[in-house]
$ cat work-v5.pdb   # PDB, C-alpha atoms
ATOM      1  CA  MET G   9      76.464 130.298  34.689
ATOM      2  CA  ILE G  10      77.415 126.805  35.743
ATOM      3  CA  HIS G  11      76.026 124.559  38.460
ATOM      4  CA  LEU G  12      77.511 121.348  39.847
ATOM      5  CA  ILE G  13      75.527 118.601  41.499
ATOM      6  CA  MET G  14      78.202 116.527  43.179
ATOM      7  CA  GLY G  15      77.924 113.510  45.424
ATOM      8  CA  LEU G  16      78.615 109.834  45.742
ATOM      9  CA  LYS G  17      76.629 107.189  43.883
ATOM     10  CA  GLY G  18      73.067 106.941  45.168
ATOM     11  CA  SER G  19      72.987 110.441  46.667
ATOM     12  CA  GLY G  20      70.152 111.675  44.412
ATOM     13  CA  LYS G  21      72.120 113.709  41.865
ATOM     14  CA  THR G  22      70.130 112.578  38.836
ATOM     15  CA  LYS G  23      66.825 113.230  40.617
ATOM     16  CA  LYS G  24      67.945 116.795  41.412
ATOM     17  CA  MET G  25      68.986 117.249  37.796
ATOM     18  CA  ILE G  26      65.646 115.950  36.477
ATOM     19  CA  ASP G  27      63.792 118.395  38.755
ATOM     20  CA  SER G  28      66.004 121.232  37.504
ATOM     21  CA  ILE G  29      65.378 120.236  33.880
ATOM     22  CA  GLN G  30      61.620 120.250  34.418
ATOM     23  CA  GLU G  31      61.841 123.745  35.925
ATOM     24  CA  ALA G  32      64.004 124.932  33.013
ATOM     25  CA  VAL G  33      61.549 123.600  30.430
ATOM     26  CA  ALA G  34      58.732 125.466  32.166
ATOM     27  CA  SER G  35      60.583 128.775  32.492
ATOM     28  CA  ALA G  36      63.415 128.920  29.929
ATOM     29  CA  HIS G  37      63.122 131.219  26.949
ATOM     30  CA  GLY G  38      65.145 128.870  24.770
ATOM     31  CA  ASP G  39      65.975 125.229  24.149
ATOM     32  CA  VAL G  40      67.044 122.713  26.786
ATOM     33  CA  VAL G  41      69.607 119.994  26.010
ATOM     34  CA  CYS G  42      70.572 117.031  28.171
ATOM     35  CA  VAL G  43      73.756 115.062  27.456
ATOM     36  CA  GLU G  44      73.641 111.644  29.075
ATOM     37  CA  TYR G  45      75.729 108.476  28.964
ATOM     38  CA  GLY G  46      73.366 105.787  27.684
ATOM     39  CA  GLN G  47      69.642 106.227  27.232
ATOM     40  CA  LYS G  48      68.377 105.962  30.783
ATOM     41  CA  LEU G  49      66.553 109.313  30.999
ATOM     42  CA  THR G  50      64.371 108.938  27.906
ATOM     43  CA  TYR G  51      61.124 108.457  29.850
ATOM     44  CA  ASP G  52      61.979 110.744  32.790
ATOM     45  CA  LEU G  53      62.197 114.027  30.900
ATOM     46  CA  PRO G  54      59.654 116.172  29.056
ATOM     47  CA  TYR G  55      59.518 115.676  25.292
ATOM     48  CA  LYS G  56      60.757 119.244  24.742
ATOM     49  CA  VAL G  57      64.221 118.333  26.043
ATOM     50  CA  ARG G  58      66.762 117.404  23.368
ATOM     51  CA  LEU G  59      68.482 114.252  24.655
ATOM     52  CA  VAL G  60      71.963 113.484  23.382
ATOM     53  CA  ASP G  61      73.542 110.118  24.161
ATOM     54  CA  SER G  62      77.298 110.718  24.473
ATOM     55  CA  LYS G  63      77.890 106.967  24.304
ATOM     56  CA  GLU G  64      76.187 106.792  20.902
ATOM     57  CA  TYR G  65      78.572 109.428  19.544
ATOM     58  CA  GLY G  66      81.678 107.840  21.068
ATOM     59  CA  ILE G  67      82.434 110.754  23.395
ATOM     60  CA  SER G  68      85.216 109.497  25.663
ATOM     61  CA  ASN G  69      87.312 112.482  26.755
ATOM     62  CA  PRO G  70      86.937 116.172  27.652
ATOM     63  CA  CYS G  71      88.054 117.446  24.226
ATOM     64  CA  MET G  72      85.360 115.424  22.492
ATOM     65  CA  LEU G  73      82.714 116.655  24.927
ATOM     66  CA  LYS G  74      83.849 120.263  24.392
ATOM     67  CA  GLY G  75      83.480 119.690  20.653
ATOM     68  CA  LEU G  76      79.989 118.264  21.132
ATOM     69  CA  LEU G  77      78.870 121.249  23.223
ATOM     70  CA  SER G  78      80.441 123.710  20.798
ATOM     71  CA  GLY G  79      78.773 121.976  17.859
ATOM     72  CA  LEU G  80      75.392 121.936  19.557
ATOM     73  CA  HIS G  81      75.676 125.656  20.210
ATOM     74  CA  ALA G  82      76.920 126.422  16.698
ATOM     75  CA  GLY G  83      73.911 124.610  15.270
ATOM     76  CA  ASN G  84      71.383 126.205  17.617
ATOM     77  CA  TYR G  85      71.995 129.607  19.221
ATOM     78  CA  ASP G  86      68.672 129.268  21.051
ATOM     79  CA  ILE G  87      70.057 126.764  23.588
ATOM     80  CA  THR G  88      69.756 128.351  27.027
ATOM     81  CA  ASN G  89      70.229 125.332  29.296
ATOM     82  CA  VAL G  90      72.581 122.367  28.984
ATOM     83  CA  TYR G  91      72.627 119.457  31.407
ATOM     84  CA  ILE G  92      75.394 116.864  31.515
ATOM     85  CA  ASP G  93      74.574 113.759  33.511
ATOM     86  CA  ASN G  94      77.414 111.804  35.113
ATOM     87  CA  LEU G  95      80.474 113.595  33.777
ATOM     88  CA  TYR G  96      82.988 110.890  34.729
ATOM     89  CA  LYS G  97      81.125 108.148  32.864
ATOM     90  CA  THR G  98      81.435 110.239  29.725
ATOM     91  CA  ILE G  99      85.032 111.499  29.997
ATOM     92  CA  GLY G 100      86.662 108.996  32.373
ATOM     93  CA  ASN G 101      87.550 109.227  36.066
ATOM     94  CA  ASP G 102      90.339 111.800  35.803
ATOM     95  CA  ARG G 103      89.621 114.477  38.447
ATOM     96  CA  ALA G 104      92.099 116.961  36.988
ATOM     97  CA  ALA G 105      90.589 116.629  33.502
ATOM     98  CA  GLY G 106      87.102 116.879  35.004
ATOM     99  CA  GLU G 107      87.951 120.083  36.837
ATOM    100  CA  GLU G 108      89.569 121.551  33.733
ATOM    101  CA  PHE G 109      86.420 120.715  31.747
ATOM    102  CA  ILE G 110      84.193 122.317  34.387
ATOM    103  CA  LEU G 111      86.252 125.520  34.277
ATOM    104  CA  TRP G 112      86.018 125.525  30.463
ATOM    105  CA  CYS G 113      82.231 125.103  30.759
ATOM    106  CA  ALA G 114      82.060 128.108  33.085
ATOM    107  CA  LYS G 115      83.765 130.305  30.468
ATOM    108  CA  PHE G 116      81.736 128.796  27.613
ATOM    109  CA  ALA G 117      78.441 129.325  29.452
ATOM    110  CA  GLU G 118      79.273 132.934  30.278
ATOM    111  CA  ALA G 119      80.405 133.735  26.736
ATOM    112  CA  ASN G 120      77.276 132.199  25.213
ATOM    113  CA  ASN G 121      74.682 133.294  27.771
ATOM    114  CA  MET G 122      73.625 129.822  28.848
ATOM    115  CA  GLU G 123      73.350 127.759  31.996
ATOM    116  CA  ILE G 124      75.220 124.470  32.241
ATOM    117  CA  THR G 125      74.459 121.976  34.992
ATOM    118  CA  ILE G 126      76.737 118.965  35.498
ATOM    119  CA  THR G 127      76.356 115.957  37.766
ATOM    120  CA  VAL G 128      79.600 114.495  39.090
ATOM    121  CA  SER G 129      79.827 111.197  40.966
ATOM    122  CA  ASP G 130      82.522 112.061  43.461
ATOM    123  CA  ASP G 131      82.947 113.155  47.043
ATOM    124  CA  PRO G 132      82.590 116.975  47.142
ATOM    125  CA  THR G 133      85.412 117.194  49.697
ATOM    126  CA  TYR G 134      87.867 116.286  46.915
ATOM    127  CA  ALA G 135      86.860 119.286  44.799
ATOM    128  CA  SER G 136      89.303 122.184  44.583
ATOM    129  CA  GLU G 137      88.348 125.569  46.005
ATOM    130  CA  GLU G 138      87.922 126.876  42.468
ATOM    131  CA  ILE G 139      85.348 124.142  41.743
ATOM    132  CA  LYS G 140      83.550 124.353  45.113
ATOM    133  CA  LYS G 141      82.156 127.785  44.206
ATOM    134  CA  TYR G 142      79.919 126.068  41.622
ATOM    135  CA  LEU G 143      78.390 123.586  44.092
TER     136      LEU G 143
END
$ encode --input "work-v5.pdb" --output "structure tokens"
Amino acid sequence: MIHLIMGLKGSGKTKKMIDSIQEAVASAHGDVVCVEYGQKLTYDLPYKVRLVDSKEYGISNPCMLKGLLSGLHAGNYDITNVYIDNLYKTIGNDRAAGEEFILWCAKFAEANNMEITITVSDDPTYASEEIKKYL
């Protein structure tokens, strides 16, 4: 299953994601991973969350982020929840590429029995109908 938290800058997306992560840590039966751009969430999340800084690994496009998620899963089948904070900072501001990545995540999450939550800094009215079902 995939969830999108979409809104303009300053709309509280990261706060919603942090609350969701805390709930997942309390109730998930597996590991929780958070992919962020930079290390701004280090002190906001429980120590049980595996933080991955996409900037540190040079992730700059959707293919690289797909590889990171695939590698994380290949190395740990116990991951049940993945959070990606600020998708466009990680892969660039290409809406079409962002939507394609989100659709890939939906298939990946379903195939691997995990939940993926992504924050996107954009106006939700620009999302396609296919993407709006994940909001």
$ residues_around --input "work-v5.pdb" --residues "segment 116-125 of chain G" --least-positions-apart "4" --cutoff "8 Å" --atoms "all atoms listed in the file" --output "list in words"
Met9, Ile10, His11, Leu12, Ile13, Met25, Ile87, Thr88, Asn89, Val90, Tyr91, Ile92 and Trp112 of chain G
$ closest_residue --input "work-v5.pdb" --among "G:Asp93, G:Glu138, G:Asp86, G:Asp27" --to "Asp61 of chain G" --atoms "only C-alpha atoms"
G:Asp93
$ residues_around --input "work-v5.pdb" --residues "segment 64-69 of chain G" --least-positions-apart "2" --cutoff "6 Å" --atoms "only C-alpha atoms" --output "MDAnalysis selection string"
chainID G and resid 61:62 71:72 98:99
$ resolve_selection --input "work-v5.pdb" --expression "the PyMOL selection byres ((chain G and resi 143) around 12)" --output "list in words"
Met9, Ile10, His11, Leu12, Ile13, Met14, Gly15, Lys21, Ile110, Thr125, Ile126, Thr127, Val128, Asp131, Pro132, Thr133, Ala135, Ser136, Glu137, Glu138, Ile139, Lys140, Lys141 and Tyr142 of chain G
$ closest_residue --input "work-v5.pdb" --among "G:Leu16, G:Leu77, G:Ala36, G:Ser129" --to "Phe109 of chain G" --atoms "all atoms listed in the file"
G:Leu77
$ residues_around --input "work-v5.pdb" --residues "Ile26 of chain G" --least-positions-apart "6" --cutoff "10 Å" --atoms "only C-alpha atoms" --output "PDB file with C-alpha atoms, in the coordinates of the input"
ATOM      1  CA  ALA G  32      64.004 124.932  33.013  1.00  0.00           C
ATOM      2  CA  CYS G  42      70.572 117.031  28.171  1.00  0.00           C
ATOM      3  CA  LEU G  49      66.553 109.313  30.999  1.00  0.00           C
ATOM      4  CA  ASP G  52      61.979 110.744  32.790  1.00  0.00           C
ATOM      5  CA  LEU G  53      62.197 114.027  30.900  1.00  0.00           C
ATOM      6  CA  PRO G  54      59.654 116.172  29.056  1.00  0.00           C
ATOM      7  CA  TYR G  91      72.627 119.457  31.407  1.00  0.00           C
ATOM      8  CA  ASP G  93      74.574 113.759  33.511  1.00  0.00           C
TER       9      ASP G  93
END
$ axis_aligned_box --input "work-v5.pdb" --around "segment 108-125 of chain G" --padding-each-side "8 Å" --output "AutoDock Vina command-line options"
--center_x 81.5 --center_y 127.2 --center_z 30.1 --size_x 32.2 --size_y 29.0 --size_z 25.8
$ residues_around --input "work-v5.pdb" --residues "Thr50 of chain G" --least-positions-apart "4" --cutoff "10 Å" --atoms "all atoms listed in the file" --output "compact mmCIF listing (two decimals) with C-alpha atoms, keeping the file's coordinate frame"
# COMPACT_ATOMS: atom_id res chain seq x y z
CA GLU G 44 73.64 111.64 29.08
CA GLY G 46 73.37 105.79 27.68
CA PRO G 54 59.65 116.17 29.06
CA TYR G 55 59.52 115.68 25.29
CA VAL G 57 64.22 118.33 26.04
CA ARG G 58 66.76 117.40 23.37
CA LEU G 59 68.48 114.25 24.66
CA VAL G 60 71.96 113.48 23.38
CA ASP G 61 73.54 110.12 24.16
$ residues_around --input "work-v5.pdb" --residues "Lys97 of chain G" --least-positions-apart "3" --cutoff "7 Å" --atoms "all atoms listed in the file" --output "ChimeraX atom specification"
/G:45,94,100
$ atom_distance --input "work-v5.pdb" --atom1 "atom CA of Glu108 of chain G" --atom2 "atom CA of Gly18 of chain G"
24.8 Å
$ closest_residue --input "work-v5.pdb" --among "G:Ser78, G:Leu73, G:Asp39, G:Leu95" --to "Thr22 of chain G" --atoms "all atoms listed in the file"
G:Leu95
$ atom_distance --input "work-v5.pdb" --atom1 "atom CA of Cys113 of chain G" --atom2 "atom CA of Tyr51 of chain G"
26.9 Å
$ atom_distance --input "work-v5.pdb" --atom1 "atom CA of Gly20 of chain G" --atom2 "atom CA of Val43 of chain G"
17.7 Å
$ decode --input "work-v5.pdb" --residues "segment 100-124 of chain G" --atoms "N, CA, C and O atoms" --output "CSV table (one decimal), in the first residue's frame"
chain,number,residue,atom,x,y,z
G,100,GLY,N,14.5,15.5,-8.0
G,100,GLY,CA,14.3,16.7,-9.0
G,100,GLY,C,12.8,17.0,-9.1
G,100,GLY,O,12.0,16.2,-8.7
G,101,ASN,N,12.5,18.2,-9.7
G,101,ASN,CA,11.2,18.7,-9.8
G,101,ASN,C,10.4,18.3,-11.0
G,101,ASN,O,9.7,19.0,-11.6
G,102,ASP,N,10.6,17.1,-11.5
G,102,ASP,CA,10.0,16.6,-12.7
G,102,ASP,C,8.7,15.9,-12.3
G,102,ASP,O,8.7,14.7,-11.8
G,103,ARG,N,7.5,16.5,-12.5
G,103,ARG,CA,6.2,15.9,-12.1
G,103,ARG,C,6.0,14.5,-12.8
G,103,ARG,O,5.5,13.6,-12.1
G,104,ALA,N,6.3,14.4,-14.0
G,104,ALA,CA,6.0,13.2,-14.8
G,104,ALA,C,6.9,12.1,-14.2
G,104,ALA,O,6.4,10.9,-13.9
G,105,ALA,N,8.2,12.3,-13.9
G,105,ALA,CA,9.1,11.3,-13.3
G,105,ALA,C,8.6,11.0,-11.9
G,105,ALA,O,8.7,9.9,-11.5
G,106,GLY,N,8.1,12.0,-11.2
G,106,GLY,CA,7.6,11.8,-9.8
G,106,GLY,C,6.4,10.9,-9.8
G,106,GLY,O,6.3,10.0,-9.0
G,107,GLU,N,5.5,11.1,-10.7
G,107,GLU,CA,4.3,10.3,-10.8
G,107,GLU,C,4.7,8.9,-11.2
G,107,GLU,O,4.1,7.9,-10.7
G,108,GLU,N,5.6,8.7,-12.2
G,108,GLU,CA,6.0,7.4,-12.6
G,108,GLU,C,6.6,6.7,-11.4
G,108,GLU,O,6.4,5.5,-11.2
G,109,PHE,N,7.5,7.4,-10.6
G,109,PHE,CA,8.1,6.7,-9.4
G,109,PHE,C,7.0,6.3,-8.4
G,109,PHE,O,7.1,5.2,-7.8
G,110,ILE,N,6.0,7.1,-8.2
G,110,ILE,CA,5.0,6.8,-7.2
G,110,ILE,C,4.2,5.6,-7.7
G,110,ILE,O,3.9,4.7,-6.9
G,111,LEU,N,3.9,5.5,-9.0
G,111,LEU,CA,3.2,4.3,-9.5
G,111,LEU,C,4.1,3.0,-9.3
G,111,LEU,O,3.6,1.9,-9.0
G,112,TRP,N,5.4,3.2,-9.6
G,112,TRP,CA,6.4,2.1,-9.3
G,112,TRP,C,6.3,1.6,-7.9
G,112,TRP,O,6.3,0.4,-7.6
G,113,CYS,N,6.3,2.6,-7.0
G,113,CYS,CA,6.3,2.3,-5.5
G,113,CYS,C,5.0,1.6,-5.2
G,113,CYS,O,5.1,0.7,-4.3
G,114,ALA,N,3.9,1.9,-5.8
G,114,ALA,CA,2.7,1.2,-5.5
G,114,ALA,C,2.8,-0.3,-5.8
G,114,ALA,O,2.4,-1.1,-5.1
G,115,LYS,N,3.4,-0.6,-7.0
G,115,LYS,CA,3.6,-2.0,-7.4
G,115,LYS,C,4.6,-2.7,-6.5
G,115,LYS,O,4.4,-3.8,-6.1
G,116,PHE,N,5.7,-2.0,-6.2
G,116,PHE,CA,6.7,-2.5,-5.3
G,116,PHE,C,6.2,-2.8,-3.9
G,116,PHE,O,6.5,-3.9,-3.4
G,117,ALA,N,5.4,-1.9,-3.4
G,117,ALA,CA,4.9,-2.1,-2.0
G,117,ALA,C,3.9,-3.3,-2.0
G,117,ALA,O,4.0,-4.1,-1.1
G,118,GLU,N,3.1,-3.4,-3.0
G,118,GLU,CA,2.1,-4.5,-3.1
G,118,GLU,C,2.9,-5.8,-3.2
G,118,GLU,O,2.5,-6.8,-2.5
G,119,ALA,N,3.9,-5.9,-4.1
G,119,ALA,CA,4.6,-7.1,-4.3
G,119,ALA,C,5.4,-7.6,-3.1
G,119,ALA,O,5.6,-8.8,-2.9
G,120,ASN,N,5.8,-6.6,-2.3
G,120,ASN,CA,6.7,-7.0,-1.1
G,120,ASN,C,6.0,-6.8,0.2
G,120,ASN,O,6.7,-6.8,1.2
G,121,ASN,N,4.7,-6.6,0.2
G,121,ASN,CA,3.9,-6.5,1.4
G,121,ASN,C,4.4,-5.5,2.4
G,121,ASN,O,4.8,-5.8,3.6
G,122,MET,N,4.6,-4.3,1.9
G,122,MET,CA,5.0,-3.1,2.7
G,122,MET,C,4.2,-1.9,2.5
G,122,MET,O,3.4,-1.9,1.5
G,123,GLU,N,4.3,-1.0,3.4
G,123,GLU,CA,3.6,0.3,3.2
G,123,GLU,C,4.7,1.4,2.9
G,123,GLU,O,5.7,1.4,3.6
G,124,ILE,N,4.4,2.2,1.9
G,124,ILE,CA,5.3,3.3,1.5
G,124,ILE,C,4.6,4.6,1.6
G,124,ILE,O,3.5,4.7,1.0
